[in-house]
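The file data-v9.cif contains mmCIF, C-alpha atoms:
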data_data
loop_
_atom_site.label_atom_id
_atom_site.label_comp_id
_atom_site.auth_asym_id
_atom_site.auth_seq_id
_atom_site.Cartn_x
_atom_site.Cartn_y
_atom_site.Cartn_z
CA MET A 207 0.00 0.00 0.00
CA ASN A 208 2.92 2.32 0.42
CA ARG A 209 3.63 1.88 -3.27
CA PRO A 210 0.66 3.91 -4.59
CA GLU A 211 1.31 6.72 -2.10
CA SER A 212 4.92 7.05 -3.26
CA ASN A 213 3.76 7.05 -6.90
CA VAL A 214 1.27 9.83 -6.21
CA SER A 215 3.97 11.79 -4.42
CA GLN A 216 6.37 11.32 -7.34
CA GLU A 217 3.68 12.39 -9.84
CA SER A 218 2.91 15.52 -7.86
CA VAL A 219 6.62 16.42 -7.86
CA ILE A 220 6.74 15.97 -11.64
CA ASP A 221 3.53 18.00 -12.10
CA GLY A 222 4.87 20.71 -9.81
CA SER A 223 8.12 20.85 -11.74
CA SER A 224 6.23 21.04 -15.03
CA SER A 225 3.94 23.79 -13.72
CA LEU A 226 6.96 25.72 -12.45
CA LEU A 227 8.66 25.41 -15.83
CA VAL A 228 5.59 26.82 -17.61
CA ARG A 229 5.57 29.85 -15.28
CA VAL A 230 9.33 30.34 -15.65
CA ASN A 231 9.18 30.11 -19.44
CA ARG A 232 6.36 32.67 -19.53
CA LEU A 233 8.37 35.09 -17.38
CA ILE A 234 11.46 34.65 -19.54
CA GLN A 235 9.46 35.23 -22.72
CA ASP A 236 8.09 38.42 -21.16
CA GLY A 237 11.63 39.60 -20.37
CA GLN A 238 11.18 39.30 -16.60
CA TYR A 239 14.45 37.44 -16.02
CA GLY A 240 14.92 38.40 -12.38
CA GLN A 241 11.50 37.08 -11.40
CA ALA A 242 12.07 33.87 -13.36
CA LEU A 243 15.46 33.44 -11.70
CA ASN A 244 13.87 33.78 -8.28
CA LEU A 245 11.48 30.93 -9.14
CA VAL A 246 14.24 28.55 -10.29
CA HIS A 247 16.88 29.53 -7.75
CA ALA A 248 16.91 26.06 -6.16
CA SER A 249 16.38 24.05 -9.34
CA GLY A 250 17.70 20.76 -7.99
CA ARG A 251 18.49 18.06 -10.54
CA ASP A 252 15.88 18.98 -13.17
CA LEU A 253 17.92 19.88 -16.27
CA THR A 254 15.16 21.95 -17.89
CA LEU A 255 14.89 24.12 -14.77
CA LYS A 256 18.70 24.40 -14.55
CA ASN A 257 18.72 25.46 -18.19
CA ALA A 258 16.04 28.08 -17.48
CA LYS A 259 18.20 29.35 -14.60
CA GLY A 260 21.19 29.59 -16.95
CA VAL A 261 19.13 31.46 -19.56
CA CYS A 262 18.02 33.97 -16.90
CA LEU A 263 21.61 34.49 -15.77
CA LEU A 264 22.77 35.00 -19.37
CA ARG A 265 20.08 37.57 -20.04
CA LEU A 266 20.82 39.38 -16.80
CA GLY A 267 24.48 39.66 -17.82
CA LYS A 268 25.67 37.31 -15.05
CA TYR A 269 27.86 35.32 -17.40
CA ASP A 270 30.23 33.74 -14.88
CA GLU A 271 27.29 32.40 -12.87
CA ALA A 272 25.75 31.02 -16.06
CA VAL A 273 29.05 29.28 -16.85
CA SER A 274 28.87 27.52 -13.48
CA VAL A 275 25.30 26.38 -14.08
CA TYR A 276 26.05 25.01 -17.54
CA ARG A 277 29.33 23.41 -16.46
CA GLU A 278 27.30 21.22 -14.08
CA ILE A 279 24.90 20.28 -16.89
CA VAL A 280 27.33 19.69 -19.74
CA PHE A 281 30.32 18.04 -18.05
CA LYS A 282 30.26 14.82 -16.10
CA GLN A 283 31.72 15.42 -12.65
CA GLY A 284 35.51 15.18 -12.82
CA CYS A 285 35.62 15.18 -16.64
CA VAL A 286 36.70 17.84 -19.11
CA TRP A 287 34.82 16.71 -22.22
CA VAL A 288 31.27 17.47 -23.20
CA ARG A 289 28.78 14.67 -22.52
CA PRO A 290 27.50 13.51 -25.93
CA GLU A 291 24.03 12.59 -24.62
CA ILE A 292 23.31 16.15 -23.45
CA PRO A 293 20.91 18.05 -25.79
CA THR A 294 22.51 20.54 -28.18
CA ILE A 295 20.72 23.54 -26.65
CA TYR A 296 22.58 23.05 -23.36
CA LYS A 297 25.90 22.85 -25.20
CA VAL A 298 25.09 26.00 -27.19
CA ASN A 299 24.04 27.83 -24.01
CA PHE A 300 27.27 26.76 -22.29
CA ALA A 301 29.35 27.92 -25.26
CA THR A 302 27.44 31.22 -25.26
CA ALA A 303 28.05 31.70 -21.52
CA LEU A 304 31.77 31.02 -21.94
CA LEU A 305 32.06 33.40 -24.90
CA LEU A 306 30.21 36.20 -23.11
CA ALA A 307 32.28 35.62 -19.97
CA GLY A 308 35.38 36.28 -22.08
CA GLN A 309 36.49 32.65 -22.19
CA ILE A 310 36.67 32.62 -25.97
CA GLU A 311 38.84 29.54 -26.39
CA GLY A 312 36.63 27.49 -24.06
CA GLY A 313 33.46 28.68 -25.78
CA LEU A 314 34.79 27.78 -29.21
CA SER A 315 35.89 24.38 -27.91
CA VAL A 316 32.45 23.58 -26.45
CA LEU A 317 30.75 24.82 -29.62
CA GLY A 318 33.01 22.50 -31.62
CA GLN A 319 31.81 19.59 -29.49
CA ALA A 320 28.12 20.39 -29.99
CA MET A 321 28.00 17.65 -32.67
CA ASP A 322 25.08 19.23 -34.55
CA GLU A 323 26.32 21.86 -36.98
CA GLY A 324 22.87 22.23 -38.53
CA HIS A 325 21.16 23.12 -35.22
CA PRO A 326 19.73 26.67 -35.42
CA GLY A 327 21.45 27.65 -32.16
CA VAL A 328 24.85 26.46 -33.42
CA VAL A 329 24.37 28.19 -36.76
CA ARG A 330 23.29 31.47 -35.14
CA LEU A 331 26.18 31.48 -32.67
CA ARG A 332 28.74 30.69 -35.38
CA GLN A 333 27.34 33.55 -37.50
CA SER A 334 27.75 35.96 -34.57
CA ILE A 335 31.32 34.80 -34.02
CA ARG A 336 32.05 35.26 -37.72
CA ARG A 337 30.62 38.83 -37.67
CA TRP A 338 32.58 39.58 -34.49
CA LYS A 339 35.84 38.44 -36.11
CA GLN A 340 35.08 40.57 -39.18
CA SER A 341 34.95 43.63 -36.91
CA PHE A 342 38.55 43.08 -35.77
CA THR A 343 41.17 45.63 -36.61
CA LEU A 344 44.22 44.42 -38.52
CA TRP A 345 46.17 44.16 -35.28
CA GLN A 346 43.40 42.14 -33.60
CA ARG A 347 43.30 39.76 -36.58
CA ILE A 348 47.05 39.24 -36.34
CA MET A 349 46.78 38.64 -32.58
CA TRP A 350 43.93 36.17 -33.17
CA LEU A 351 46.02 34.22 -35.67
CA PHE A 352 48.86 33.95 -33.18
CA GLY A 353 46.90 32.58 -30.27
CA GLY A 354 44.20 35.01 -29.34
CA MET A 355 43.97 38.53 -28.13
CA ASN A 356 42.98 40.50 -25.09
CA ASP A 357 39.29 39.58 -24.98
CA ALA A 358 38.45 42.36 -22.53
CA LYS A 359 39.24 44.98 -25.20
CA SER A 360 36.94 43.41 -27.77
CA PRO A 361 34.18 41.38 -26.10
CA LEU A 362 31.89 39.28 -28.22
CA GLU A 363 28.61 41.06 -28.86
CA LEU A 364 25.53 39.10 -29.84
CA ASP A 365 22.76 40.35 -32.07
CA PHE A 366 20.25 38.01 -30.41
CA LEU A 367 19.13 37.17 -26.91
CA PRO A 368 21.52 34.69 -25.34
CA GLY A 369 20.15 31.39 -24.15
CA ILE A 370 17.77 28.88 -25.69
CA LEU A 371 14.93 27.64 -23.49
CA ASP A 372 13.95 24.60 -25.53
CA GLU A 373 14.28 23.22 -29.06
CA GLY A 374 11.14 24.92 -30.29
CA LEU A 375 11.83 28.32 -28.82
CA ILE A 376 14.79 30.34 -30.02
CA GLN A 377 13.81 33.76 -28.80
CA GLU A 378 14.80 36.84 -30.69
CA ARG A 379 15.20 40.27 -29.15
CA VAL A 380 12.36 41.78 -27.16
CA ALA A 381 11.60 45.43 -26.46
CA PRO A 382 14.74 47.35 -25.38
CA GLU A 383 13.42 48.06 -21.88
CA LYS A 384 13.17 44.30 -21.34
CA ASP A 385 16.45 43.51 -23.06
CA PHE A 386 19.35 42.02 -21.13
CA ALA A 387 22.22 44.36 -21.96
CA GLY A 388 22.54 44.41 -25.73
CA GLY A 389 25.01 41.53 -25.74
CA LYS A 390 27.56 43.65 -23.90
CA ARG A 391 29.11 43.05 -20.55
CA PRO A 392 27.28 44.82 -17.75
CA ALA A 393 28.99 47.90 -16.35
CA ALA A 394 30.81 47.12 -13.12
#
For the file at hand, write its structure as structure tokens.
Amino acid sequence: MNRPESNVSQESVIDGSSSLLVRVNRLIQDGQYGQALNLVHASGRDLTLKNAKGVCLLRLGKYDEAVSVYREIVFKQGCVWVRPEIPTIYKVNFATALLLAGQIEGGLSVLGQAMDEGHPGVVRLRQSIRRWKQSFTLWQRIMWLFGGMNDAKSPLELDFLPGILDEGLIQERVAPEKDFAGGKRPAA
């Protein structure tokens, strides 16, 4: 008889998690990232809620915190390679977080391990990187060819909202007053 009670309890946890995700997604789509972040602050082991937390952090300009969230999702504990079974959107979000945090080499490495070059998130991020590189001065291009450059002087700027919530929802920019920071690092 304890069996049915534990099943009901487990179902209510799943329903609660699903209901929470719907509310969080709605807040994110409305540009209310702080409120959504408050809802998912203790996201536990649910990867979709962790991803929503990472998306909120990205859009709030808290890139280093987003890197930490995605590192837990994408890497197996104690490993330094991307888990192949993890969905592409999490890999793209991790690469985006690394790039925006100024960890260009790491971001490019993770993006290279995404394993789905045709994924819209991969394509869009690669296009942004390509445009960013085209904006380099001659000196920056030379520095890039010889092992990088001082990323702080030329941070990657995105022309889209960072973070993908789910496969079917790649959100474009919203109204400027709800925007995250224009793809630029927040002022310290």
Legend entry - the PyMOL selection byres ((chain A and resi 266) around 8) applied to the shown file, residues as a PyMOL selection string: chain A and resi 239-240+262-265+267-268+386-387
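Distances here use all atoms listed in the file; by that measure, the residue among A:Glu278, A:Val328, A:Arg337, A:Ser225 closest to Gly313 of chain A is A:Val328.
Once Pro326 of chain A and its same-chain neighbours fewer than 2 positions away are set aside, A:Thr294, A:Ile295, A:Val298, A:Asp322, A:Glu323, A:Gly324, A:Val328, A:Val329, A:Arg330, A:Leu331, A:Arg332, A:Glu373, A:Ile376 remain within 10 Å of it when counting all atoms listed in the file.
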Can you translate the PyMOL selection byres ((chain A and resi 261) around 8) into the concrete residues it hits in this file, as a CSV table (one decimal) with C-alpha atoms, keeping the file's coordinate frame?
chain,number,residue,atom,x,y,z
A,257,ASN,CA,18.7,25.5,-18.2
A,258,ALA,CA,16.0,28.1,-17.5
A,259,LYS,CA,18.2,29.4,-14.6
A,260,GLY,CA,21.2,29.6,-17.0
A,262,CYS,CA,18.0,34.0,-16.9
A,263,LEU,CA,21.6,34.5,-15.8
A,264,LEU,CA,22.8,35.0,-19.4
A,265,ARG,CA,20.1,37.6,-20.0
A,272,ALA,CA,25.8,31.0,-16.1
A,299,ASN,CA,24.0,27.8,-24.0
A,368,PRO,CA,21.5,34.7,-25.3
A,369,GLY,CA,20.2,31.4,-24.2
A,370,ILE,CA,17.8,28.9,-25.7
A,371,LEU,CA,14.9,27.6,-23.5
Inset, instruction - Record the distance separating atom CA of Gln319 of chain A and atom CA of Arg289 of chain A, expressed in Å with one decimal. - result: 9.1 Å
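Across the model, the gap from atom CA of Phe300 of chain A to atom CA of Asp365 of chain A is 17.3 Å.
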Inset, instruction - For each of A:Gln340, A:Ser315, A:Asn231, A:Gln346, take the minimum atom-to-atom distance to Thr254 of chain A, counting only C-alpha atoms, then give the residue where this is smallest. - result: A:Asn231
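Reported to one decimal place, the separation of atom CA of Leu227 of chain A from atom CA of Trp287 of chain A is 28.3 Å.
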Around segment 316-319 of chain A, fit a box with edges along x, y and z, padding it by 5 Å on each side, then list its centre and edge lengths in Å to one decimal as lines of an AutoDock Vina configuration file.
center_x = 31.9
center_y = 22.2
center_z = -29.0
size_x = 12.3
size_y = 15.2
size_z = 15.2
Inset, instruction - Around the point (25.2, 39.1, -31.5), in the coordinates given by the file, pick out the residues reaching within 7 Å, counting all atoms listed in the file, and return them as a PyMOL selection string. - result: chain A and resi 334+363-366+389
Inset, instruction - Could you check which of A:Leu314, A:Ala307, A:Val273, A:Ile279 is closest to Arg336 of chain A, using all atoms listed in the file? - result: A:Leu314
Inset, instruction - Kindly indicate which residue among A:Ile310, A:Ala320, A:Met349, A:Ala301 lies nearest to Leu362 of chain A, using only C-alpha atoms for the distances. - result: A:Ile310
Inset, instruction - Go through A:Leu255, A:Gly284, A:Lys339, A:Tyr296 one by one, measure the shortest atom-to-atom distance of each to Val228 of chain A using all atoms listed in the file, and give the residue with the smallest value. - result: A:Leu255
What does the PyMOL selection byres ((chain A and resi 311) around 12) select in this file, as a compact mmCIF listing (two decimals) with C-alpha atoms, in the frame of the given file?
# COMPACT_ATOMS: atom_id res chain seq x y z
CA ALA A 301 29.35 27.92 -25.26
CA THR A 302 27.44 31.22 -25.26
CA LEU A 304 31.77 31.02 -21.94
CA LEU A 305 32.06 33.40 -24.90
CA LEU A 306 30.21 36.20 -23.11
CA ALA A 307 32.28 35.62 -19.97
CA GLY A 308 35.38 36.28 -22.08
CA GLN A 309 36.49 32.65 -22.19
CA ILE A 310 36.67 32.62 -25.97
CA GLY A 312 36.63 27.49 -24.06
CA GLY A 313 33.46 28.68 -25.78
CA LEU A 314 34.79 27.78 -29.21
CA SER A 315 35.89 24.38 -27.91
CA VAL A 316 32.45 23.58 -26.45
CA LEU A 317 30.75 24.82 -29.62
CA GLY A 318 33.01 22.50 -31.62
CA ILE A 335 31.32 34.80 -34.02
CA TRP A 350 43.93 36.17 -33.17
CA GLY A 353 46.90 32.58 -30.27
CA GLY A 354 44.20 35.01 -29.34
CA MET A 355 43.97 38.53 -28.13
CA ASN A 356 42.98 40.50 -25.09
CA ASP A 357 39.29 39.58 -24.98
